[in-house]
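Asker: This is final-v2.cif, which holds mmCIF, C-alpha atoms:
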data_target
#
loop_
_atom_site.label_atom_id
_atom_site.label_comp_id
_atom_site.auth_asym_id
_atom_site.auth_seq_id
_atom_site.Cartn_x
_atom_site.Cartn_y
_atom_site.Cartn_z
CA MET A 7 9.44 5.53 -15.93
CA ALA A 8 10.60 2.81 -18.31
CA THR A 9 8.85 2.48 -21.67
CA ARG A 10 7.78 -0.80 -23.18
CA ALA A 11 10.85 -0.71 -25.41
CA ASP A 12 13.01 -0.35 -22.30
CA VAL A 13 11.31 -3.18 -20.43
CA GLU A 14 10.60 -5.80 -23.05
CA LYS A 15 12.39 -6.90 -26.18
CA GLY A 16 11.94 -10.37 -27.60
CA GLY A 17 10.17 -11.51 -24.44
CA VAL A 18 13.13 -10.71 -22.15
CA ARG A 19 12.25 -8.58 -19.14
CA LYS A 20 14.79 -6.11 -17.77
CA GLU A 21 14.87 -4.61 -14.31
CA ALA A 22 13.98 -0.93 -14.04
CA GLY A 23 16.94 1.31 -13.23
CA LYS A 24 19.49 -1.08 -14.73
CA VAL A 25 21.43 -0.70 -17.95
CA PRO A 26 19.83 -2.94 -20.60
CA SER A 27 21.72 -5.79 -22.19
CA PRO A 28 24.00 -4.82 -25.07
CA LEU A 29 21.90 -7.15 -27.25
CA TYR A 30 19.12 -4.54 -27.22
CA PRO A 31 20.77 -1.14 -27.69
CA GLN A 32 17.83 0.69 -29.28
CA HIS A 33 15.56 3.06 -27.38
CA GLU A 34 13.08 5.81 -28.19
CA GLY A 35 15.64 8.53 -28.78
CA GLU A 36 17.56 6.45 -31.32
CA ARG A 37 14.69 5.10 -33.39
CA GLU A 38 14.98 5.93 -37.08
CA TRP A 39 11.63 6.36 -38.79
CA VAL A 40 10.90 5.70 -42.45
CA PRO A 41 9.67 9.06 -43.81
CA TRP A 42 6.33 9.07 -45.56
CA ILE A 43 4.37 12.13 -44.42
CA VAL A 44 6.90 14.58 -45.93
CA PRO A 45 6.79 12.81 -49.34
CA VAL A 46 2.98 12.90 -49.08
CA PHE A 47 3.13 16.67 -48.47
CA PHE A 48 5.53 16.93 -51.44
CA VAL A 49 3.10 15.13 -53.77
CA ALA A 50 0.08 16.99 -52.34
CA ASN A 51 1.62 20.40 -53.10
CA ILE A 52 2.40 19.40 -56.68
CA THR A 53 -1.03 17.82 -57.19
CA VAL A 54 -2.83 20.90 -55.92
CA PHE A 55 -0.77 23.10 -58.26
CA VAL A 56 -1.71 20.91 -61.26
CA ILE A 57 -5.38 21.14 -60.25
CA THR A 58 -5.01 24.91 -59.88
CA MET A 59 -3.57 25.27 -63.37
CA TYR A 60 -6.34 23.06 -64.79
CA ALA A 61 -8.97 25.27 -63.16
CA ASN A 62 -7.13 28.42 -64.27
CA ASN A 63 -7.37 27.62 -68.00
CA CYS A 64 -5.49 30.69 -69.18
CA PRO A 65 -6.42 30.44 -72.92
CA ALA A 66 -10.14 30.48 -72.10
CA HIS A 67 -10.04 33.29 -69.56
CA THR A 68 -7.39 35.67 -70.94
CA THR A 69 -8.11 38.26 -73.63
CA ALA A 70 -5.64 39.66 -76.15
CA ARG A 71 -5.59 42.91 -74.19
CA ASP A 72 -4.36 41.04 -71.11
CA GLY A 73 -1.42 39.57 -73.01
CA LYS A 74 -0.40 36.18 -74.29
CA CYS A 75 -0.43 33.08 -72.12
CA VAL A 76 3.04 31.67 -71.41
CA ALA A 77 3.78 28.16 -72.74
CA GLY A 78 0.59 28.08 -74.77
CA PHE A 79 1.43 24.57 -76.03
CA LEU A 80 0.35 23.32 -72.59
CA GLY A 81 -3.24 24.12 -73.48
CA ARG A 82 -5.42 24.87 -70.46
CA PHE A 83 -2.35 24.36 -68.25
CA ALA A 84 -0.63 27.38 -69.81
CA PHE A 85 0.57 30.12 -67.44
CA GLN A 86 -0.83 33.62 -67.07
CA PRO A 87 0.94 36.44 -68.99
CA LEU A 88 4.17 37.45 -67.25
CA ARG A 89 2.92 40.93 -66.50
CA GLN A 90 0.11 39.34 -64.47
CA ASN A 91 2.17 36.60 -62.83
CA PRO A 92 5.96 36.56 -63.29
CA LEU A 93 6.24 33.34 -61.25
CA LEU A 94 4.70 31.24 -64.04
CA GLY A 95 1.40 30.40 -62.48
CA PRO A 96 -2.35 31.05 -62.31
CA SER A 97 -4.30 34.25 -61.90
CA SER A 98 -5.06 35.75 -58.51
CA ALA A 99 -8.78 35.17 -59.23
CA THR A 100 -8.17 31.43 -59.56
CA LEU A 101 -6.11 31.32 -56.38
CA THR A 102 -8.84 33.21 -54.52
CA LYS A 103 -11.49 30.83 -55.82
CA LEU A 104 -9.53 27.75 -54.70
CA GLY A 105 -8.73 28.93 -51.18
CA ALA A 106 -6.12 31.69 -51.04
CA LEU A 107 -5.90 33.65 -47.79
CA VAL A 108 -8.06 36.76 -48.17
CA TRP A 109 -8.81 38.78 -45.03
CA GLU A 110 -12.26 39.86 -46.15
CA LYS A 111 -13.40 36.30 -46.88
CA VAL A 112 -11.96 34.90 -43.67
CA VAL A 113 -13.37 37.56 -41.33
CA GLN A 114 -16.46 38.97 -43.01
CA GLU A 115 -17.60 35.86 -44.89
CA HIS A 116 -16.52 33.45 -42.11
CA GLN A 117 -14.36 31.26 -44.37
CA GLY A 118 -11.87 30.29 -41.69
CA TRP A 119 -10.87 27.20 -43.67
CA ARG A 120 -8.74 29.48 -45.85
CA LEU A 121 -6.22 29.72 -43.00
CA LEU A 122 -5.30 26.12 -43.84
CA SER A 123 -6.15 25.83 -47.53
CA CYS A 124 -3.83 28.68 -48.54
CA MET A 125 -0.74 26.71 -47.46
CA TRP A 126 -1.36 24.12 -50.20
CA LEU A 127 -1.62 26.68 -53.00
CA HIS A 128 1.32 28.27 -54.83
CA ALA A 129 1.59 31.39 -56.96
CA GLY A 130 3.66 29.74 -59.68
CA VAL A 131 6.16 27.10 -60.73
CA LEU A 132 9.10 29.02 -59.26
CA HIS A 133 7.28 29.41 -55.95
CA LEU A 134 6.33 25.72 -55.92
CA VAL A 135 9.79 24.39 -56.77
CA ALA A 136 11.49 26.49 -54.09
CA ASN A 137 9.05 25.30 -51.42
CA VAL A 138 8.80 21.59 -52.20
CA PHE A 139 12.54 21.08 -52.44
CA SER A 140 13.05 23.01 -49.21
CA LEU A 141 10.41 20.74 -47.67
CA MET A 142 12.28 17.60 -48.74
CA PHE A 143 15.64 18.96 -47.61
CA VAL A 144 14.49 19.98 -44.14
CA GLY A 145 11.52 17.70 -43.53
CA MET A 146 13.03 14.33 -44.43
CA ARG A 147 15.76 14.60 -41.80
CA LEU A 148 13.33 15.66 -39.11
CA GLU A 149 10.84 12.90 -39.91
CA GLN A 150 13.59 10.27 -39.84
CA GLN A 151 14.44 11.36 -36.30
CA PHE A 152 11.04 12.16 -34.83
CA GLY A 153 8.37 10.42 -36.90
CA TYR A 154 5.40 11.45 -38.96
CA MET A 155 3.00 12.51 -36.18
CA ARG A 156 5.24 15.13 -34.59
CA ILE A 157 6.64 16.54 -37.84
CA GLY A 158 3.21 16.51 -39.50
CA ALA A 159 1.74 18.39 -36.54
CA ILE A 160 4.53 20.99 -36.59
CA TYR A 161 4.12 21.49 -40.34
CA ILE A 162 0.33 22.00 -40.23
CA LEU A 163 0.25 24.12 -37.05
CA SER A 164 3.15 26.29 -38.27
CA GLY A 165 1.32 26.89 -41.53
CA LEU A 166 -1.74 27.90 -39.51
CA GLY A 167 0.36 30.20 -37.31
CA GLY A 168 1.78 31.88 -40.39
CA SER A 169 -1.70 32.35 -41.85
CA VAL A 170 -3.06 33.91 -38.65
CA LEU A 171 -0.24 36.45 -38.41
CA SER A 172 -0.57 37.23 -42.13
CA ALA A 173 -4.29 37.88 -41.83
CA LEU A 174 -3.73 40.17 -38.85
CA PHE A 175 -1.39 42.43 -40.83
CA ILE A 176 -2.33 42.00 -44.51
CA ARG A 177 -5.83 43.01 -45.61
CA ASN A 178 -5.57 44.11 -49.22
CA HIS A 179 -3.66 41.25 -50.83
CA ILE A 180 -4.07 37.51 -51.16
CA SER A 181 -1.54 35.12 -49.67
CA VAL A 182 -0.63 31.55 -50.68
CA GLY A 183 2.22 29.12 -50.14
CA ALA A 184 3.77 26.66 -47.72
CA SER A 185 6.49 29.05 -46.56
CA GLY A 186 5.00 29.46 -43.08
CA ALA A 187 4.97 25.69 -42.58
CA LEU A 188 8.54 25.40 -43.88
CA PHE A 189 9.80 28.14 -41.58
CA GLY A 190 8.07 26.27 -38.78
CA LEU A 191 10.20 23.21 -39.50
CA VAL A 192 13.32 25.38 -39.47
CA GLY A 193 12.23 26.94 -36.18
CA ALA A 194 11.65 23.46 -34.75
CA MET A 195 15.17 22.47 -35.82
CA LEU A 196 16.55 25.37 -33.77
CA SER A 197 14.52 24.66 -30.63
CA GLU A 198 15.26 20.94 -30.91
CA LEU A 199 18.95 21.73 -30.92
CA LEU A 200 18.57 23.97 -27.87
CA THR A 201 16.41 21.66 -25.76
CA ASN A 202 18.53 18.60 -26.62
CA TRP A 203 21.78 20.50 -26.10
CA THR A 204 23.59 17.75 -24.17
CA ILE A 205 23.47 15.08 -26.89
CA TYR A 206 25.09 17.06 -29.70
CA SER A 207 28.71 17.77 -30.56
CA ASN A 208 29.78 20.97 -32.41
CA LYS A 209 26.56 22.52 -31.12
CA VAL A 210 27.74 26.14 -31.17
CA THR A 211 28.70 25.82 -34.83
CA ALA A 212 25.34 24.22 -35.60
CA VAL A 213 23.40 27.01 -33.85
CA VAL A 214 25.39 29.76 -35.57
CA THR A 215 24.92 28.12 -38.98
CA LEU A 216 21.19 27.66 -38.44
CA LEU A 217 20.75 31.23 -37.21
CA PHE A 218 22.63 32.51 -40.27
CA VAL A 219 20.29 30.63 -42.60
CA ILE A 220 17.24 31.93 -40.70
CA VAL A 221 18.42 35.55 -40.76
CA ILE A 222 19.23 35.43 -44.49
CA ASN A 223 15.77 34.09 -45.31
CA MET A 224 14.07 36.62 -43.06
CA VAL A 225 16.00 39.45 -44.74
CA LEU A 226 14.90 38.19 -48.16
CA GLY A 227 11.37 38.35 -46.81
CA ILE A 228 11.43 42.14 -46.66
CA LEU A 229 11.50 42.29 -50.47
CA PRO A 230 8.21 43.27 -52.15
CA HIS A 231 5.65 40.55 -53.01
CA VAL A 232 7.03 38.28 -50.25
CA ASN A 233 4.80 37.65 -47.25
CA ASN A 234 7.30 37.77 -44.40
CA PHE A 235 4.50 37.71 -41.82
CA ALA A 236 3.80 34.11 -42.86
CA HIS A 237 7.51 33.36 -42.41
CA ILE A 238 7.64 34.97 -38.97
CA GLY A 239 4.38 33.44 -37.74
CA GLY A 240 5.36 29.99 -38.97
CA PHE A 241 8.86 30.25 -37.52
CA LEU A 242 7.66 31.32 -34.07
CA THR A 243 5.03 28.57 -34.00
CA GLY A 244 7.50 25.87 -35.06
CA PHE A 245 10.14 27.17 -32.67
CA LEU A 246 7.79 26.84 -29.69
CA LEU A 247 6.40 23.48 -30.84
CA GLY A 248 9.94 22.12 -31.12
CA PHE A 249 10.35 22.48 -27.35
CA VAL A 250 7.04 20.67 -26.84
CA LEU A 251 7.25 17.84 -29.38
CA LEU A 252 10.95 17.23 -30.08
CA MET A 253 12.37 16.75 -26.59
CA ARG A 254 14.79 13.80 -26.42
CA PRO A 255 16.51 11.98 -23.52
CA HIS A 256 19.66 13.79 -22.43
CA PHE A 257 23.22 12.54 -22.84
CA GLY A 258 23.49 10.92 -19.39
CA TRP A 259 20.45 8.75 -20.05
CA MET A 260 21.54 7.74 -23.56
CA GLU A 261 25.04 6.93 -22.37
CA ARG A 262 23.71 4.02 -20.30
CA TYR A 263 23.52 1.92 -23.46
CA SER A 264 27.31 1.96 -23.77
CA MET A 265 27.83 0.93 -20.11
CA PRO A 266 28.32 -2.67 -18.94
CA ALA A 267 25.14 -4.65 -18.49
CA GLY A 268 23.82 -4.60 -14.92
CA SER A 269 25.34 -1.21 -14.05
CA ALA A 270 23.15 1.06 -11.95
CA CYS A 271 21.35 3.76 -13.95
CA THR A 272 20.55 6.74 -11.72
CA SER A 273 20.26 9.45 -14.36
CA LYS A 274 16.80 10.83 -15.14
CA LYS A 275 15.56 10.58 -18.70
CA TYR A 276 14.91 14.31 -19.13
CA LEU A 277 16.55 17.28 -17.46
CA PHE A 278 14.68 19.88 -15.44
CA TYR A 279 15.35 22.68 -17.93
CA GLN A 280 13.78 20.60 -20.71
CA TRP A 281 10.52 20.35 -18.78
CA ILE A 282 10.60 24.10 -18.04
CA LEU A 283 11.09 24.91 -21.73
CA LEU A 284 8.28 22.52 -22.66
CA ALA A 285 5.84 24.08 -20.18
CA VAL A 286 6.65 27.68 -21.13
CA ALA A 287 6.50 26.94 -24.87
CA LEU A 288 3.18 25.09 -24.57
CA ILE A 289 1.63 27.98 -22.64
CA LEU A 290 2.89 30.51 -25.20
CA VAL A 291 1.56 28.46 -28.13
CA ILE A 292 -1.90 28.17 -26.57
CA ILE A 293 -2.01 31.87 -25.66
CA GLY A 294 -0.66 32.89 -29.06
CA PHE A 295 -3.28 30.98 -31.02
CA ALA A 296 -6.10 32.01 -28.68
CA VAL A 297 -5.23 35.71 -28.80
CA GLY A 298 -4.44 35.66 -32.52
CA MET A 299 -7.69 33.93 -33.47
CA ALA A 300 -9.72 36.23 -31.22
CA MET A 301 -8.14 39.35 -32.72
CA LEU A 302 -8.57 38.04 -36.27
CA PHE A 303 -12.25 37.14 -36.06
CA ARG A 304 -13.02 40.40 -34.21
CA GLY A 305 -11.63 42.18 -37.26
CA THR A 306 -8.66 43.72 -35.45
CA ASN A 307 -6.03 45.33 -37.68
CA ALA A 308 -2.69 44.61 -35.98
CA LYS A 309 -1.09 47.53 -37.83
CA ASP A 310 -3.10 49.92 -35.68
CA SER A 311 -1.20 48.71 -32.62
CA CYS A 312 2.17 48.24 -34.30
CA HIS A 313 2.82 50.79 -37.02
CA TRP A 314 6.47 49.82 -37.52
CA CYS A 315 5.61 46.11 -37.96
CA GLN A 316 4.87 46.73 -41.64
CA TYR A 317 8.62 46.99 -42.21
CA LEU A 318 9.02 43.38 -41.11
CA SER A 319 7.51 42.32 -44.43
CA CYS A 320 8.54 45.09 -46.82
CA VAL A 321 11.05 47.93 -46.67
CA PRO A 322 10.42 50.62 -49.33
CA SER A 323 13.29 51.79 -51.50
CA ALA A 324 13.95 53.86 -54.60
CA ARG A 325 13.31 50.73 -56.70
CA TRP A 326 9.95 49.66 -55.24
CA SER A 327 7.03 50.75 -53.11
CA CYS A 328 5.37 48.70 -50.38
CA THR A 329 1.90 50.10 -50.99
CA ASN A 330 1.23 47.70 -53.88
#
Would you mind writing the structure in this file as structure tokens?
Answerer:
Amino acid sequence: MATRADVEKGGVRKEAGKVPSPLYPQHEGEREWVPWIVPVFFVANITVFVITMYANNCPAHTTARDGKCVAGFLGRFAFQPLRQNPLLGPSSATLTKLGALVWEKVVQEHQGWRLLSCMWLHAGVLHLVANVFSLMFVGMRLEQQFGYMRIGAIYILSGLGGSVLSALFIRNHISVGASGALFGLVGAMLSELLTNWTIYSNKVTAVVTLLFVIVINMVLGILPHVNNFAHIGGFLTGFLLGFVLLMRPHFGWMERYSMPAGSACTSKKYLFYQWILLAVALILVIIGFAVGMAMLFRGTNAKDSCHWCQYLSCVPSARWSCTN
């Protein structure tokens, strides 16, 4: 079925099934969007961190026994003592007050909004800088290609997916950060490459490189104080959503724009395997969220059903313990 962009351009009507005139080479798959939602997310994360530090007010809430606030010249924006927060940020009490993910508050006090609010909070400057620059590096390219609605949806839903999986496995610690949403964008990059396989060159190299980056980051996630469940949940959500939201016309369809005007165009816009991947991924996303939410609000502890899963987020060693 031809889109409006395929049929009309400047008031000139083109026949369906024919290659458009070379004067109008653009089509949906080639549109380049001007990114704005990713920069908005960038500013929002920084703004929320500034508000968090203002609310934290380390000099007013920290005693001499707790230690000395870091960068005291910043006044109420000073950071907690390093022994409390080595990432240069607020206290855990402040993060909890402003919306950190806490299992008890989500399940027992019915504060489900924390599943979304936690992704805008960060534990410290180092945490914030790593996430916002990763967001710009990955998100800008994706938004240029696919637009703000699809990338914004993947970002938010991946963050939610990461929060749900975190809450199912982590009960005794708070969780904050946009890492789940960021891993969702990376997962979407991988599925986009797979479902749009025919339009890329050097695709094997691209897949291997992307998988290497993903594996390295997942391995880093098994270090203590890193919530790898948010990474895994966000990645899986974004990976599935990529098949649903980032499908593009295949090579045969796009090639028609380089053919002589008036040539017959018999190729279908999307291939059969793309529709199969879309359908399967959509079903899995719906089932995943439905089952995950049901288990969470019933108070299910996922560790009871998967004892070894704890090692996906932390592997104990002689240097650290995973109990704290």
Asker: Distance CA of Gly193 in chain A-CA of Ser207 in chain A, one decimal place?
Answerer: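 Between CA of Gly193 in chain A and CA of Ser207 in chain A the gap is 19.7 Å.
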Asker: Neighbours of Val297 in chain A within 12 Å (only C-alpha atoms; same-chain residues fewer than 6 positions away dropped), as a ChimeraX atom specification?
Answerer: /A:167,170-171,174,290-291,303-304,306,308
Asker: Taking 4 positions as the minimum chain separation for residues in the same chain, which residues sit within 12 Å of range 71-84 of chain A when counting only C-alpha atoms? Answer as a PyMOL selection string.
Answerer: chain A and resi 55-67+88-97+130-131
Asker: Nearest to Ile157 in chain A: which of A:Leu252, A:Cys315, A:Val54, A:Ile293 is it, counting only C-alpha atoms?
Answerer: A:Leu252
Asker: Would you kindly translate the PyMOL selection byres ((chain A and resi 108) around 9) into the concrete residues it picks from this file, as a ChimeraX atom specification?
Answerer: /A:102,105-107,109-113,120-121,173,176-181
Asker: Please produce an output containing C-alpha atoms for each residue in the selection, written as a PDB file, in the coordinates of the input.
Answerer:
ATOM      1  CA  THR A 102      -8.840  33.210 -54.520  1.00  0.00           C
ATOM      2  CA  GLY A 105      -8.730  28.930 -51.180  1.00  0.00           C
ATOM      3  CA  ALA A 106      -6.120  31.690 -51.040  1.00  0.00           C
ATOM      4  CA  LEU A 107      -5.900  33.650 -47.790  1.00  0.00           C
ATOM      5  CA  TRP A 109      -8.810  38.780 -45.030  1.00  0.00           C
ATOM      6  CA  GLU A 110     -12.260  39.860 -46.150  1.00  0.00           C
ATOM      7  CA  LYS A 111     -13.400  36.300 -46.880  1.00  0.00           C
ATOM      8  CA  VAL A 112     -11.960  34.900 -43.670  1.00  0.00           C
ATOM      9  CA  VAL A 113     -13.370  37.560 -41.330  1.00  0.00           C
ATOM     10  CA  ARG A 120      -8.740  29.480 -45.850  1.00  0.00           C
ATOM     11  CA  LEU A 121      -6.220  29.720 -43.000  1.00  0.00           C
ATOM     12  CA  ALA A 173      -4.290  37.880 -41.830  1.00  0.00           C
ATOM     13  CA  ILE A 176      -2.330  42.000 -44.510  1.00  0.00           C
ATOM     14  CA  ARG A 177      -5.830  43.010 -45.610  1.00  0.00           C
ATOM     15  CA  ASN A 178      -5.570  44.110 -49.220  1.00  0.00           C
ATOM     16  CA  HIS A 179      -3.660  41.250 -50.830  1.00  0.00           C
ATOM     17  CA  ILE A 180      -4.070  37.510 -51.160  1.00  0.00           C
ATOM     18  CA  SER A 181      -1.540  35.120 -49.670  1.00  0.00           C
TER      19      SER A 181
END
Asker: When you draw a straight line from CA of Leu229 in chain A to CA of Asn137 in chain A, how long is it in Å?
Answerer: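 Computed distance, CA of Leu229 in chain A to CA of Asn137 in chain A, equals 17.2 Å.
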